[in-house]
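S.K.: What follows is the file my_file_29.cif, containing mmCIF, C-alpha atoms:
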data_data
loop_
_atom_site.label_atom_id
_atom_site.label_comp_id
_atom_site.auth_asym_id
_atom_site.auth_seq_id
_atom_site.Cartn_x
_atom_site.Cartn_y
_atom_site.Cartn_z
CA MET A 1026 42.19 -76.64 26.92
CA ARG A 1027 42.25 -75.76 23.27
CA ALA A 1028 38.59 -76.65 22.92
CA LEU A 1029 37.69 -74.54 25.95
CA ARG A 1030 39.55 -71.51 24.56
CA TYR A 1031 37.74 -71.97 21.26
CA VAL A 1032 34.34 -71.95 23.01
CA PHE A 1033 35.21 -68.79 24.90
CA ALA A 1034 36.41 -67.09 21.70
CA VAL A 1035 33.21 -67.95 19.86
CA ALA A 1036 31.12 -66.72 22.78
CA ALA A 1037 33.05 -63.45 22.95
CA LEU A 1038 32.64 -62.85 19.21
CA GLY A 1039 28.93 -63.52 19.50
CA LEU A 1040 28.59 -61.04 22.39
CA VAL A 1041 30.48 -58.37 20.45
CA ALA A 1042 28.29 -58.93 17.42
CA PHE A 1043 25.14 -58.71 19.56
CA LEU A 1044 26.20 -55.52 21.29
CA GLY A 1045 27.29 -53.98 17.99
CA GLY A 1046 23.94 -54.81 16.45
CA MET A 1047 22.09 -53.30 19.39
CA LEU A 1048 24.21 -50.12 19.15
CA ILE A 1049 23.54 -49.76 15.42
CA MET A 1050 19.82 -50.28 15.97
CA ASP A 1051 19.81 -47.72 18.78
CA LEU A 1052 21.59 -45.16 16.64
CA ALA A 1053 19.27 -45.79 13.75
CA MET A 1054 16.20 -45.49 15.97
CA GLY A 1055 17.62 -42.30 17.48
CA ILE A 1056 18.05 -40.78 14.03
CA VAL A 1057 14.53 -41.76 13.06
CA VAL A 1058 13.11 -40.39 16.31
CA ARG A 1059 15.04 -37.15 16.02
CA ARG A 1060 13.93 -36.70 12.43
CA GLY A 1061 10.36 -37.27 13.45
CA GLU A 1062 10.59 -34.55 16.12
CA VAL A 1063 11.79 -31.78 13.82
CA THR A 1064 9.23 -29.28 12.50
CA LEU A 1065 9.23 -25.98 10.65
CA VAL A 1066 8.18 -22.86 12.56
CA PRO A 1067 5.12 -21.35 10.84
CA ASP A 1068 4.89 -17.62 10.12
CA VAL A 1069 2.47 -16.17 12.67
CA SER A 1070 3.51 -12.51 12.44
CA GLY A 1071 0.50 -10.28 11.88
CA LEU A 1072 -1.96 -12.93 13.10
CA PRO A 1073 -4.29 -12.47 16.07
CA TYR A 1074 -3.08 -14.33 19.13
CA GLU A 1075 -5.75 -17.06 18.86
CA GLU A 1076 -4.89 -17.85 15.24
CA ALA A 1077 -1.17 -17.84 16.01
CA ALA A 1078 -1.73 -20.25 18.91
CA ARG A 1079 -3.66 -22.65 16.64
CA ALA A 1080 -1.00 -22.52 13.93
CA LEU A 1081 1.76 -23.28 16.42
CA ALA A 1082 -0.25 -26.07 18.04
CA ASP A 1083 -0.80 -27.65 14.61
CA ALA A 1084 2.99 -27.66 14.18
CA LYS A 1085 3.28 -29.29 17.63
CA LEU A 1086 4.95 -26.22 19.07
CA ASP A 1087 4.31 -24.40 22.33
CA LEU A 1088 4.34 -20.62 22.85
CA PHE A 1089 4.73 -17.92 25.43
CA VAL A 1090 4.17 -14.16 25.30
CA GLU A 1091 7.55 -12.51 25.78
CA ARG A 1092 6.25 -8.94 25.95
CA GLU A 1093 3.64 -6.49 24.72
CA VAL A 1094 4.34 -3.31 22.78
CA SER A 1095 2.34 -0.45 21.29
CA PRO A 1096 3.34 -0.12 17.63
CA ALA A 1097 1.83 2.61 15.46
CA GLU A 1098 0.08 0.18 13.11
CA ALA A 1099 -1.08 -3.03 14.74
CA ASP A 1100 -4.35 -4.10 16.31
CA SER A 1101 -4.53 -5.16 19.91
CA GLY A 1102 -3.56 -8.83 20.37
CA GLU A 1103 -1.77 -9.04 17.02
CA VAL A 1104 1.59 -10.82 16.80
CA VAL A 1105 4.28 -8.24 16.08
CA ARG A 1106 7.37 -10.49 16.26
CA GLN A 1107 8.23 -14.15 16.82
CA PHE A 1108 11.35 -16.09 17.77
CA PRO A 1109 12.53 -18.41 16.35
CA GLY A 1110 11.54 -16.89 13.01
CA ALA A 1111 9.31 -18.42 10.37
CA GLY A 1112 10.84 -21.33 8.44
CA MET A 1113 13.39 -22.33 11.07
CA ARG A 1114 13.71 -26.06 11.90
CA VAL A 1115 13.14 -26.80 15.58
CA LYS A 1116 12.17 -29.77 17.71
CA GLN A 1117 8.52 -30.38 18.35
CA GLY A 1118 7.48 -28.97 21.70
CA ARG A 1119 9.82 -25.96 21.33
CA ARG A 1120 8.42 -22.80 22.93
CA ILE A 1121 8.06 -19.94 20.46
CA ALA A 1122 8.41 -16.45 21.93
CA LEU A 1123 5.77 -14.01 20.74
CA THR A 1124 5.64 -10.24 21.01
CA LEU A 1125 2.05 -8.97 20.98
CA SER A 1126 0.59 -5.56 20.25
CA LYS A 1127 -1.31 -3.75 22.99
CA GLY A 1128 -2.81 -1.53 20.31
CA PRO A 1129 -2.17 2.21 20.11
CA GLU A 1130 -1.63 4.01 23.38
CA TRP A 1131 -4.39 6.53 24.05
CA SER A 1132 -3.86 9.95 25.54
CA VAL A 1133 -5.65 13.30 25.29
CA VAL A 1134 -5.04 16.37 23.16
CA PRO A 1135 -3.15 18.85 25.37
CA GLU A 1136 -4.29 22.45 25.79
CA VAL A 1137 -2.27 24.75 23.52
CA VAL A 1138 -4.80 27.53 22.84
CA GLY A 1139 -3.13 30.84 23.66
CA ALA A 1140 0.37 29.48 23.04
CA ARG A 1141 2.65 30.57 20.22
CA VAL A 1142 2.36 28.23 17.27
CA ARG A 1143 5.98 27.04 17.61
CA GLN A 1144 5.49 26.14 21.28
CA ALA A 1145 2.17 24.46 20.50
CA ARG A 1146 3.87 22.25 17.92
CA ILE A 1147 6.52 21.21 20.46
CA VAL A 1148 3.89 20.32 23.09
CA LEU A 1149 1.80 18.29 20.64
CA ALA A 1150 4.85 16.46 19.27
CA SER A 1151 5.96 15.54 22.80
CA SER A 1152 2.52 13.97 23.28
CA GLY A 1153 3.06 11.79 20.23
CA LEU A 1154 0.61 13.73 18.07
CA LEU A 1155 1.09 14.87 14.48
CA VAL A 1156 0.49 18.53 13.65
CA GLU A 1157 -1.13 19.02 10.26
CA ALA A 1158 -0.82 22.15 8.10
CA ASP A 1159 -1.93 25.19 10.09
CA ALA A 1160 -4.92 27.35 9.12
CA TYR A 1161 -4.61 31.12 9.60
CA VAL A 1162 -7.29 33.73 10.17
CA ALA A 1163 -7.32 37.44 11.12
CA HIS A 1164 -8.43 38.19 14.69
CA GLU A 1165 -9.02 41.63 16.17
CA SER A 1166 -7.90 40.86 19.73
CA ILE A 1167 -5.37 38.03 19.36
CA GLU A 1168 -1.88 38.83 18.16
CA ARG A 1169 -0.14 37.16 15.27
CA ASP A 1170 1.11 33.52 15.51
CA VAL A 1171 -0.98 32.69 18.59
CA VAL A 1172 -3.13 29.52 18.53
CA ILE A 1173 -6.86 30.29 18.52
CA ALA A 1174 -8.22 26.71 18.46
CA THR A 1175 -7.32 23.07 17.90
CA PHE A 1176 -9.19 20.34 16.08
CA PRO A 1177 -9.83 18.04 17.95
CA VAL A 1178 -10.25 20.27 20.98
CA ALA A 1179 -8.13 19.93 24.11
CA GLY A 1180 -9.10 16.93 26.24
CA SER A 1181 -10.26 14.81 23.30
CA PRO A 1182 -8.93 11.21 23.27
CA ALA A 1183 -6.16 10.69 20.74
CA ALA A 1184 -3.89 7.81 19.79
CA GLU A 1185 -0.20 8.20 19.14
CA GLY A 1186 0.31 9.61 15.64
CA ASP A 1187 -3.18 11.10 15.36
CA PRO A 1188 -3.29 14.46 13.52
CA VAL A 1189 -4.17 17.73 15.22
CA ARG A 1190 -4.94 20.89 13.23
CA LEU A 1191 -4.19 24.35 14.55
CA LEU A 1192 -6.10 27.56 13.87
CA VAL A 1193 -3.61 30.41 14.19
CA SER A 1194 -4.19 34.17 14.40
CA LEU A 1195 -2.88 36.55 11.77
CA GLY A 1196 -3.48 39.41 14.15
CA PRO A 1197 -5.94 42.24 13.47
CA ALA A 1198 -7.14 42.54 9.90
CA PRO A 1199 -5.44 45.34 7.99
CA THR A 1200 -7.49 48.56 7.90
CA GLY A 1201 -7.83 51.10 5.10
CA PHE A 1202 -8.91 50.98 1.50
CA LEU A 1203 -7.66 49.80 -1.81
CA MET A 1204 -6.27 52.70 -3.82
CA PRO A 1205 -8.57 53.40 -6.78
CA ASP A 1206 -7.37 54.13 -10.30
CA LEU A 1207 -7.38 57.94 -10.54
CA THR A 1208 -5.74 58.37 -13.92
CA GLY A 1209 -7.75 60.36 -16.43
CA ARG A 1210 -10.01 61.86 -13.78
CA ALA A 1211 -10.34 65.57 -13.08
CA LEU A 1212 -8.34 66.81 -10.12
CA ASP A 1213 -11.38 68.38 -8.42
CA ASP A 1214 -13.26 65.07 -8.68
CA VAL A 1215 -10.25 63.20 -7.25
CA ASN A 1216 -9.99 65.55 -4.28
CA ARG A 1217 -13.65 65.04 -3.42
CA HIS A 1218 -13.20 61.27 -3.67
CA LEU A 1219 -10.16 61.28 -1.37
CA ARG A 1220 -11.92 63.46 1.23
CA LEU A 1221 -14.93 61.13 1.20
CA PHE A 1222 -12.70 58.21 2.27
CA GLN A 1223 -10.74 60.36 4.71
CA LEU A 1224 -7.50 59.90 2.81
CA SER A 1225 -4.69 62.41 2.92
CA ARG A 1226 -4.64 65.45 0.66
CA PRO A 1227 -2.53 64.59 -2.41
CA ARG A 1228 0.71 66.25 -3.34
CA VAL A 1229 0.23 67.48 -6.91
CA THR A 1230 2.90 67.91 -9.55
CA TYR A 1231 1.89 69.51 -12.85
CA ASP A 1232 3.05 68.30 -16.22
CA GLY A 1233 2.82 70.56 -19.27
CA ASP A 1234 1.76 67.81 -21.71
CA PRO A 1235 0.17 69.69 -24.64
CA GLU A 1236 -1.79 66.64 -25.74
CA ALA A 1237 -3.42 65.97 -22.35
CA GLU A 1238 -6.70 67.51 -21.30
CA PRO A 1239 -5.96 70.19 -18.68
CA GLY A 1240 -6.47 69.32 -15.03
CA ARG A 1241 -6.47 65.53 -15.54
CA VAL A 1242 -4.51 62.97 -13.50
CA LEU A 1243 -1.71 61.49 -15.60
CA ALA A 1244 -0.01 59.31 -12.93
CA GLN A 1245 -0.43 58.37 -9.28
CA SER A 1246 1.35 56.92 -6.29
CA PRO A 1247 0.48 54.55 -4.63
CA SER A 1248 -0.55 52.50 -7.63
CA PRO A 1249 -4.15 51.26 -8.08
CA GLY A 1250 -4.98 48.33 -5.78
CA SER A 1251 -2.49 49.28 -3.06
CA ARG A 1252 -3.83 49.34 0.48
CA VAL A 1253 -3.94 52.88 1.89
CA ASP A 1254 -5.27 54.66 4.95
CA GLY A 1255 -5.55 58.24 6.20
CA GLU A 1256 -1.80 58.47 6.83
CA THR A 1257 -0.64 57.16 3.47
CA PRO A 1258 0.99 59.93 1.37
CA ILE A 1259 -0.56 60.30 -2.06
CA GLU A 1260 1.19 61.87 -5.03
CA LEU A 1261 -0.46 62.85 -8.32
CA THR A 1262 0.91 64.03 -11.62
CA VAL A 1263 -1.67 66.30 -13.25
CA SER A 1264 -1.75 67.92 -16.67
CA SER A 1265 -1.29 71.68 -16.51
CA PRO A 1266 -4.53 73.67 -16.47
#
In structure tokens, how does this file's structure come out?
M.R.:
Amino acid sequence: MRALRYVFAVAALGLVAFLGGMLIMDLAMGIVVRRGEVTLVPDVSGLPYEEAARALADAKLDLFVEREVSPAEADSGEVVRQFPGAGMRVKQGRRIALTLSKGPEWSVVPEVVGARVRQARIVLASSGLLVEADAYVAHESIERDVVIATFPVAGSPAAEGDPVRLLVSLGPAPTGFLMPDLTGRALDDVNRHLRLFQLSRPRVTYDGDPEAEPGRVLAQSPSPGSRVDGETPIELTVSSP
């Protein structure tokens, strides 16, 4: 009986040793296999879809397009984002989610001619367009701060963020003349000059300056270069005759 128990004990120890060896080998093989399946995710952001697909395939990774967006600065088909991110360790065969650009969204320049410049800016901004510095010009029949034209014109294709320039009316050009320098001139000569340009008759105040030549303009209002018309009051200081 003792011999039989000894045989069974030896057999049991052998079985345990065999199973333990198999378990250790399995664990070791599993570690090796798992290590062999790990890869680094390449950086494919900014690449065209075809190049990104090749780079991921070379890393033994799969991909799928999660969504498409329209960023301001990206060509159509360009990778905008990826997940998992570049440099992450993942198992081979992992599917990498890509977000692609659809390119800029195209619309048309809206009609804002005839609108006030403030309203025109609001309309253009709501269309995703950028208003550049306005240009102003006098216009005889269009009142001040009304849009005369746009560049590009209404209906032109435009991408989000494209600039649009406005030509805005200053209203009718000011009428009248620039006030000449009358100082030192004879009063009679000045009166003829003012009548010629249909300006108002001047109000004259005399100054008894003994050193001034009689009947000469010593001072004036408005000053030289001021814009005047037929209704502008003119005042002259003249040396006493």
S.K.: Write out, as a tab-separated table, each residue of segment 1116-1179 of chain A that has an atom at most 10 Å from segment 1071-1086 of chain A, together with the closest pair of atoms and their distance in Å to one decimal, counting all atoms listed in the file, rows going by chain and rising number.
M.R.:
residue	atom	partner	partner_atom	distance
A:Lys1116	CA	A:Leu1086	CA	8.2
A:Gln1117	CA	A:Lys1085	CA	5.4
A:Gly1118	CA	A:Leu1086	CA	4.6
A:Arg1119	CA	A:Leu1086	CA	5.4
A:Arg1120	CA	A:Leu1086	CA	6.2
A:Ile1121	CA	A:Leu1086	CA	7.1
A:Leu1123	CA	A:Tyr1074	CA	9.0
A:Thr1124	CA	A:Tyr1074	CA	9.8
A:Leu1125	CA	A:Tyr1074	CA	7.6
A:Ser1126	CA	A:Pro1073	CA	9.4
S.K.: Give me the result of the PyMOL selection byres ((chain A and resi 1208-1224) around 6) on this file, residue by residue, as a ChimeraX atom specification.
M.R.: /A:1206-1207,1225,1240-1244,1255
S.K.: Excluding Gly1233 of chain A and its own-chain neighbours fewer than 6 positions away, which residues fall within 9 Å of it when counting all atoms listed in the file? Please give them as a tab-separated table (two decimals) with C-alpha atoms, keeping the file's coordinate frame.
M.R.:
chain	number	residue	atom	x	y	z
A	1239	PRO	CA	-5.96	70.19	-18.68
A	1263	VAL	CA	-1.67	66.30	-13.25
A	1264	SER	CA	-1.75	67.92	-16.67
A	1265	SER	CA	-1.29	71.68	-16.51
A	1266	PRO	CA	-4.53	73.67	-16.47
S.K.: Work out how far apart atom CA of His1164 of chain A and atom CA of Phe1176 of chain A are and give it in Å to one decimal.
M.R.: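 We find that atom CA of His1164 of chain A and atom CA of Phe1176 of chain A lie 17.9 Å from each other.
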S.K.: Take atom CA of Tyr1231 of chain A and atom CA of Ser1248 of chain A and report the distance between them in Å, one decimal.
M.R.: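 The value is 18.0 Å.
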S.K.: Take segment 1224-1238 of chain A, bring it up to N, CA and C atoms, and give me the output as a compact mmCIF listing (two decimals), in the frame of the given file.
M.R.:
# COMPACT_ATOMS: atom_id res chain seq x y z
N LEU A 1224 -8.89 60.11 3.19
CA LEU A 1224 -7.50 59.90 2.81
C LEU A 1224 -6.78 61.24 2.78
N SER A 1225 -5.47 61.17 2.83
CA SER A 1225 -4.69 62.41 2.92
C SER A 1225 -4.80 63.24 1.64
N ARG A 1226 -4.62 64.55 1.81
CA ARG A 1226 -4.64 65.45 0.66
C ARG A 1226 -3.44 65.14 -0.23
N PRO A 1227 -3.63 65.00 -1.54
CA PRO A 1227 -2.53 64.59 -2.41
C PRO A 1227 -1.54 65.72 -2.67
N ARG A 1228 -0.32 65.31 -2.88
CA ARG A 1228 0.71 66.25 -3.34
C ARG A 1228 0.66 66.23 -4.87
N VAL A 1229 0.46 67.39 -5.47
CA VAL A 1229 0.23 67.48 -6.91
C VAL A 1229 1.44 68.08 -7.61
N THR A 1230 1.86 67.40 -8.67
CA THR A 1230 2.90 67.91 -9.55
C THR A 1230 2.29 68.08 -10.94
N TYR A 1231 2.50 69.23 -11.54
CA TYR A 1231 1.89 69.51 -12.85
C TYR A 1231 2.88 69.18 -13.97
N ASP A 1232 2.27 68.67 -15.03
CA ASP A 1232 3.05 68.30 -16.22
C ASP A 1232 2.47 69.05 -17.41
N GLY A 1233 3.31 69.78 -18.14
CA GLY A 1233 2.82 70.56 -19.27
C GLY A 1233 2.71 69.76 -20.54
N ASP A 1234 1.98 68.64 -20.52
CA ASP A 1234 1.76 67.81 -21.71
C ASP A 1234 0.73 68.51 -22.60
N PRO A 1235 1.11 68.95 -23.79
CA PRO A 1235 0.17 69.69 -24.64
C PRO A 1235 -0.96 68.81 -25.18
N GLU A 1236 -0.76 67.51 -25.18
CA GLU A 1236 -1.79 66.64 -25.74
C GLU A 1236 -2.79 66.17 -24.68
N ALA A 1237 -2.52 66.42 -23.42
CA ALA A 1237 -3.42 65.97 -22.35
C ALA A 1237 -4.46 67.03 -22.06
N GLU A 1238 -5.63 66.58 -21.69
CA GLU A 1238 -6.70 67.51 -21.30
C GLU A 1238 -6.29 68.19 -20.00
